[in-house]
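Written below as structure tokens is the structure these notes are about.
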Amino acid sequence: MTKVTKVKKSDENWREELSPEAFEVTRRAATEAPFSGRYCDTKTDGVYRCVCCGEALFDSQTKYDSGSGWPSFHTPIDVHAVETREDRSQFMVRTEVMCANCEAHLGHVFPDGPEPSGLRFCLNSLALDLSERESEEKTQAKQDQSASDEAESSGGG
Ligand SMILES: [Zn+2]
């Protein structure tokens with residue numbers, strides 16, 4: 001038997017958890033308008049997660065400026081993190097990219113990307129949620145700081 005790890009939720013559940021825009025993109029395969037997405041020009045260091053299930057999908061280090069108007073990556077964080085399938089909608093044959101964990105529609109992949117993969121993962125910002133690496137480190141530093149504060153205050157009195 002194979003272990004089923006996929007996240008399965010009804011549209012109703014997704015609708016409750018997601019913004020209407022994110023629902024349309026991830027569950028209805030809508031596409032956000034070019035240059036409208038919040039991560040279009042983002043160069044912040046971090047990990048892009050699935051907005052639906054939180055799975056890590058793409059690293060900012062593989063993000064590049066494709067000029068397409070959508071956040072573009074040349075390589076997923078893990079080959080198993082995303083799934084692809086043929087998409088024949090809108091009178092075109094394209095390859096759809098989905099989150100392997102919850103089958104959220106992320107965008108499309110095209111064979112015109114840079115090395116090393118030669119691929120362009122053209123994604124919707126609405127399908128992604130960026131976890132900044134820096135802020136995670138800052139949070140950690142803050143915790144260390146408050147821990148030492150506690151040690152000092154408990155020493156007095
Ligand atoms: Zn997901």
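FYI, nothing fancy with the structure tokens labels: chains A, B, ... in order, residues from 1 per chain, ligands from 1 as they appear.
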For this session: Excluding segment 123-130 of chain A and residues on its chain fewer than 4 positions from it, collect all residues at most 8 Å away from it, counting only C-alpha atoms, and give them as a list of chain:residue names.
Result: A:Glu21, A:Ala22, A:Val25, A:Thr26, A:Thr31, A:Glu32, A:Gly37, A:Arg38, A:Tyr39, A:Cys40, A:Gly46, A:Val47, A:Tyr48, A:Arg49, A:Cys50, A:Val51, A:Cys52, A:Gly54, A:Trp70, A:Pro71, A:Ser72, A:Ala104, A:His105, A:Leu106, A:Gly107, A:His108
Apply DSSP to the backbone of this structure and, from segment 9-146 of chain A, keep only the residues in helix (DSSP H, G or I); write these as a PDB file with N, CA and C atoms, in the first residue's frame.
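New file states24.pdb:
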```pdb
ATOM      1  N   ASP A  11     -14.099  22.048  -1.919  1.00  0.00           N
ATOM      2  CA  ASP A  11     -14.032  23.443  -2.352  1.00  0.00           C
ATOM      3  C   ASP A  11     -14.555  24.366  -1.257  1.00  0.00           C
ATOM      4  N   GLU A  12     -15.550  23.884  -0.548  1.00  0.00           N
ATOM      5  CA  GLU A  12     -16.132  24.686   0.531  1.00  0.00           C
ATOM      6  C   GLU A  12     -15.078  25.017   1.590  1.00  0.00           C
ATOM      7  N   ASN A  13     -14.308  23.984   1.952  1.00  0.00           N
ATOM      8  CA  ASN A  13     -13.253  24.196   2.947  1.00  0.00           C
ATOM      9  C   ASN A  13     -12.184  25.155   2.447  1.00  0.00           C
ATOM     10  N   TRP A  14     -11.782  24.946   1.177  1.00  0.00           N
ATOM     11  CA  TRP A  14     -10.761  25.841   0.613  1.00  0.00           C
ATOM     12  C   TRP A  14     -11.270  27.265   0.570  1.00  0.00           C
ATOM     13  N   ARG A  15     -12.524  27.422   0.221  1.00  0.00           N
ATOM     14  CA  ARG A  15     -13.106  28.748   0.127  1.00  0.00           C
ATOM     15  C   ARG A  15     -13.043  29.478   1.470  1.00  0.00           C
ATOM     16  N   GLU A  16     -13.225  28.730   2.540  1.00  0.00           N
ATOM     17  CA  GLU A  16     -13.171  29.324   3.875  1.00  0.00           C
ATOM     18  C   GLU A  16     -11.748  29.749   4.230  1.00  0.00           C
ATOM     19  N   GLU A  17     -10.765  28.963   3.764  1.00  0.00           N
ATOM     20  CA  GLU A  17      -9.383  29.198   4.181  1.00  0.00           C
ATOM     21  C   GLU A  17      -8.648  30.215   3.316  1.00  0.00           C
ATOM     22  N   PRO A  20     -10.696  35.094  -1.810  1.00  0.00           N
ATOM     23  CA  PRO A  20     -11.413  34.765  -3.051  1.00  0.00           C
ATOM     24  C   PRO A  20     -10.476  34.694  -4.253  1.00  0.00           C
ATOM     25  N   GLU A  21      -9.481  35.581  -4.302  1.00  0.00           N
ATOM     26  CA  GLU A  21      -8.537  35.601  -5.428  1.00  0.00           C
ATOM     27  C   GLU A  21      -7.671  34.345  -5.425  1.00  0.00           C
ATOM     28  N   ALA A  22      -7.166  33.975  -4.247  1.00  0.00           N
ATOM     29  CA  ALA A  22      -6.317  32.783  -4.144  1.00  0.00           C
ATOM     30  C   ALA A  22      -7.121  31.526  -4.458  1.00  0.00           C
ATOM     31  N   PHE A  23      -8.385  31.517  -4.080  1.00  0.00           N
ATOM     32  CA  PHE A  23      -9.245  30.372  -4.381  1.00  0.00           C
ATOM     33  C   PHE A  23      -9.398  30.217  -5.888  1.00  0.00           C
ATOM     34  N   GLU A  24      -9.670  31.312  -6.576  1.00  0.00           N
ATOM     35  CA  GLU A  24      -9.860  31.268  -8.025  1.00  0.00           C
ATOM     36  C   GLU A  24      -8.612  30.728  -8.729  1.00  0.00           C
ATOM     37  N   VAL A  25      -7.436  31.168  -8.268  1.00  0.00           N
ATOM     38  CA  VAL A  25      -6.190  30.735  -8.906  1.00  0.00           C
ATOM     39  C   VAL A  25      -5.891  29.274  -8.583  1.00  0.00           C
ATOM     40  N   THR A  26      -5.874  28.931  -7.299  1.00  0.00           N
ATOM     41  CA  THR A  26      -5.387  27.609  -6.919  1.00  0.00           C
ATOM     42  C   THR A  26      -6.412  26.505  -7.143  1.00  0.00           C
ATOM     43  N   ARG A  27      -7.686  26.833  -7.044  1.00  0.00           N
ATOM     44  CA  ARG A  27      -8.721  25.789  -7.153  1.00  0.00           C
ATOM     45  C   ARG A  27      -9.498  25.862  -8.453  1.00  0.00           C
ATOM     46  N   ARG A  28      -9.372  26.966  -9.180  1.00  0.00           N
ATOM     47  CA  ARG A  28     -10.093  27.121 -10.455  1.00  0.00           C
ATOM     48  C   ARG A  28      -9.136  27.383 -11.608  1.00  0.00           C
ATOM     49  N   SER A  60      13.871  31.143  -3.162  1.00  0.00           N
ATOM     50  CA  SER A  60      14.120  32.436  -3.823  1.00  0.00           C
ATOM     51  C   SER A  60      15.402  32.410  -4.637  1.00  0.00           C
ATOM     52  N   GLN A  61      16.316  31.516  -4.302  1.00  0.00           N
ATOM     53  CA  GLN A  61      17.579  31.448  -5.037  1.00  0.00           C
ATOM     54  C   GLN A  61      17.404  30.928  -6.456  1.00  0.00           C
ATOM     55  N   THR A  62      16.259  30.303  -6.744  1.00  0.00           N
ATOM     56  CA  THR A  62      16.001  29.826  -8.102  1.00  0.00           C
ATOM     57  C   THR A  62      15.053  30.773  -8.843  1.00  0.00           C
ATOM     58  N   SER A  89      -6.394  24.001 -22.174  1.00  0.00           N
ATOM     59  CA  SER A  89      -7.390  25.065 -22.125  1.00  0.00           C
ATOM     60  C   SER A  89      -6.928  26.262 -22.951  1.00  0.00           C
ATOM     61  N   GLN A  90      -7.848  27.109 -23.280  1.00  0.00           N
ATOM     62  CA  GLN A  90      -7.585  28.361 -24.008  1.00  0.00           C
ATOM     63  C   GLN A  90      -6.854  28.137 -25.337  1.00  0.00           C
ATOM     64  N   PHE A  91      -7.187  27.016 -26.004  1.00  0.00           N
ATOM     65  CA  PHE A  91      -6.665  26.720 -27.352  1.00  0.00           C
ATOM     66  C   PHE A  91      -5.140  26.664 -27.406  1.00  0.00           C
ATOM     67  N   SER A 125       1.502  34.764  -8.048  1.00  0.00           N
ATOM     68  CA  SER A 125       1.833  35.187  -6.689  1.00  0.00           C
ATOM     69  C   SER A 125       0.763  34.741  -5.700  1.00  0.00           C
ATOM     70  N   LEU A 126      -0.476  34.718  -6.174  1.00  0.00           N
ATOM     71  CA  LEU A 126      -1.598  34.382  -5.297  1.00  0.00           C
ATOM     72  C   LEU A 126      -1.540  32.935  -4.805  1.00  0.00           C
ATOM     73  N   ALA A 127      -0.799  32.093  -5.506  1.00  0.00           N
ATOM     74  CA  ALA A 127      -0.694  30.695  -5.095  1.00  0.00           C
ATOM     75  C   ALA A 127       0.452  30.481  -4.111  1.00  0.00           C
ATOM     76  N   ARG A 133      13.713  34.223   4.893  1.00  0.00           N
ATOM     77  CA  ARG A 133      14.742  33.555   5.675  1.00  0.00           C
ATOM     78  C   ARG A 133      15.278  34.479   6.759  1.00  0.00           C
ATOM     79  N   GLU A 134      15.458  35.735   6.388  1.00  0.00           N
ATOM     80  CA  GLU A 134      16.027  36.713   7.317  1.00  0.00           C
ATOM     81  C   GLU A 134      15.155  36.870   8.550  1.00  0.00           C
ATOM     82  N   SER A 135      13.845  36.999   8.333  1.00  0.00           N
ATOM     83  CA  SER A 135      12.960  37.253   9.457  1.00  0.00           C
ATOM     84  C   SER A 135      12.915  36.056  10.400  1.00  0.00           C
ATOM     85  N   GLU A 136      13.093  34.866   9.822  1.00  0.00           N
ATOM     86  CA  GLU A 136      13.126  33.688  10.683  1.00  0.00           C
ATOM     87  C   GLU A 136      14.337  33.749  11.610  1.00  0.00           C
ATOM     88  N   GLU A 137      15.466  34.206  11.061  1.00  0.00           N
ATOM     89  CA  GLU A 137      16.669  34.339  11.876  1.00  0.00           C
ATOM     90  C   GLU A 137      16.499  35.428  12.919  1.00  0.00           C
ATOM     91  N   LYS A 138      15.834  36.514  12.515  1.00  0.00           N
ATOM     92  CA  LYS A 138      15.591  37.617  13.451  1.00  0.00           C
ATOM     93  C   LYS A 138      14.729  37.148  14.617  1.00  0.00           C
ATOM     94  N   THR A 139      13.711  36.390  14.310  1.00  0.00           N
ATOM     95  CA  THR A 139      12.828  35.875  15.353  1.00  0.00           C
ATOM     96  C   THR A 139      13.632  35.026  16.336  1.00  0.00           C
ATOM     97  N   GLN A 140      14.510  34.236  15.752  1.00  0.00           N
ATOM     98  CA  GLN A 140      15.355  33.388  16.595  1.00  0.00           C
ATOM     99  C   GLN A 140      16.221  34.250  17.512  1.00  0.00           C
ATOM    100  N   ALA A 141      16.812  35.309  16.969  1.00  0.00           N
ATOM    101  CA  ALA A 141      17.672  36.204  17.746  1.00  0.00           C
ATOM    102  C   ALA A 141      16.866  36.870  18.859  1.00  0.00           C
ATOM    103  N   LYS A 142      15.629  37.233  18.535  1.00  0.00           N
ATOM    104  CA  LYS A 142      14.757  37.874  19.517  1.00  0.00           C
ATOM    105  C   LYS A 142      14.506  36.924  20.690  1.00  0.00           C
ATOM    106  N   GLN A 143      14.259  35.669  20.345  1.00  0.00           N
ATOM    107  CA  GLN A 143      13.989  34.682  21.391  1.00  0.00           C
ATOM    108  C   GLN A 143      15.208  34.516  22.296  1.00  0.00           C
ATOM    109  N   ASP A 144      16.385  34.505  21.687  1.00  0.00           N
ATOM    110  CA  ASP A 144      17.607  34.397  22.479  1.00  0.00           C
ATOM    111  C   ASP A 144      17.739  35.583  23.415  1.00  0.00           C
ATOM    112  N   GLN A 145      17.399  36.752  22.883  1.00  0.00           N
ATOM    113  CA  GLN A 145      17.507  37.982  23.660  1.00  0.00           C
ATOM    114  C   GLN A 145      16.568  37.923  24.869  1.00  0.00           C
ATOM    115  N   SER A 146      15.312  37.541  24.647  1.00  0.00           N
ATOM    116  CA  SER A 146      14.350  37.522  25.758  1.00  0.00           C
ATOM    117  C   SER A 146      14.727  36.447  26.769  1.00  0.00           C
TER     118      SER A 146
END
```
Problem set entry | Two-atom distance - atom CA of Ala29 of chain A, atom CA of Glu132 of chain A (Å) |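 Computing the Euclidean distance for atom CA of Ala29 of chain A and atom CA of Glu132 of chain A yields 26.1 Å.
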Problem set entry | Neighbour list for Ser66 of chain A as a list in words, cut-off 10 Å, only C-alpha atoms, skip fewer than 2 positions in-chain |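 Contacts, in chain order: Cys40, Asp41, Lys63, Tyr64, Ser68, Gly69, Trp70, Pro71, Ser72, Phe73, His74, Asp112, Gly113, Pro114, Arg120, Phe121 and Cys122 of chain A.
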Could you save the residues just selected, with C-alpha atoms, as a tab-separated table (two decimals), in the first residue's frame?
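Output file out23.tsv is given in full below:
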```
chain	number	residue	atom	x	y	z
A	40	CYS	CA	6.47	39.63	-9.36
A	41	ASP	CA	9.60	41.67	-8.58
A	63	LYS	CA	13.82	32.88	-8.82
A	64	TYR	CA	14.82	35.04	-11.75
A	68	SER	CA	6.90	37.92	-18.12
A	69	GLY	CA	5.04	39.73	-15.35
A	70	TRP	CA	4.77	36.67	-13.14
A	71	PRO	CA	7.20	35.30	-10.55
A	72	SER	CA	9.46	32.89	-12.41
A	73	PHE	CA	11.68	30.10	-11.14
A	74	HIS	CA	13.99	27.72	-12.98
A	112	ASP	CA	12.43	28.55	-22.33
A	113	GLY	CA	14.08	29.06	-18.95
A	114	PRO	CA	17.72	29.60	-18.02
A	120	ARG	CA	10.58	28.53	-16.63
A	121	PHE	CA	8.11	27.91	-13.86
A	122	CYS	CA	5.74	30.81	-14.40
```
For this session: Write down as number ranges by chain the residues of segment 58-136 of chain A whose backbone DSSP state falls under strand (DSSP E or B).
Result: A: 58-59, 63-64, 72-73, 82-87, 94-99, 105-110, 120-123, 128-132
Problem set entry | Best match for closeness to Pro76 of chain A among A:Leu119, A:Cys102, A:Cys53, A:Leu18, counting only C-alpha atoms | A:Leu119
Exercise. What does the distance from atom CA of Pro116 of chain A to atom CA of Ala33 of chain A come to in Å, to one decimal?
Worked result: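 Interatomic distance, atom CA of Pro116 of chain A to atom CA of Ala33 of chain A: 28.1 Å.
Closest approach to Thr95 of chain A from the set A:Val109, A:Ile77, A:Ala30, A:Val82 is made by A:Val109, with distances taken over only C-alpha atoms.
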Exercise. By how many Å are atom CA of Lys6 of chain A and atom CA of Val93 of chain A apart?
Worked result: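 Computing it gives 26.5 Å between the two atoms.
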For this session: Excluding Val79 of chain A and residues on its chain fewer than 3 positions from it, collect all residues at most 12 Å away from it, counting only C-alpha atoms, and give them as a PyMOL selection string.
Result: chain A and resi 56-58+74-76+82-84+97-100+117
Exercise. Which is closest to ligand 1 among A:His80, A:Arg94, A:Lys43, A:Arg85, if we use only C-alpha atoms and all ligand atoms?
Worked result: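 The closest residue to ligand 1 is A:His80.
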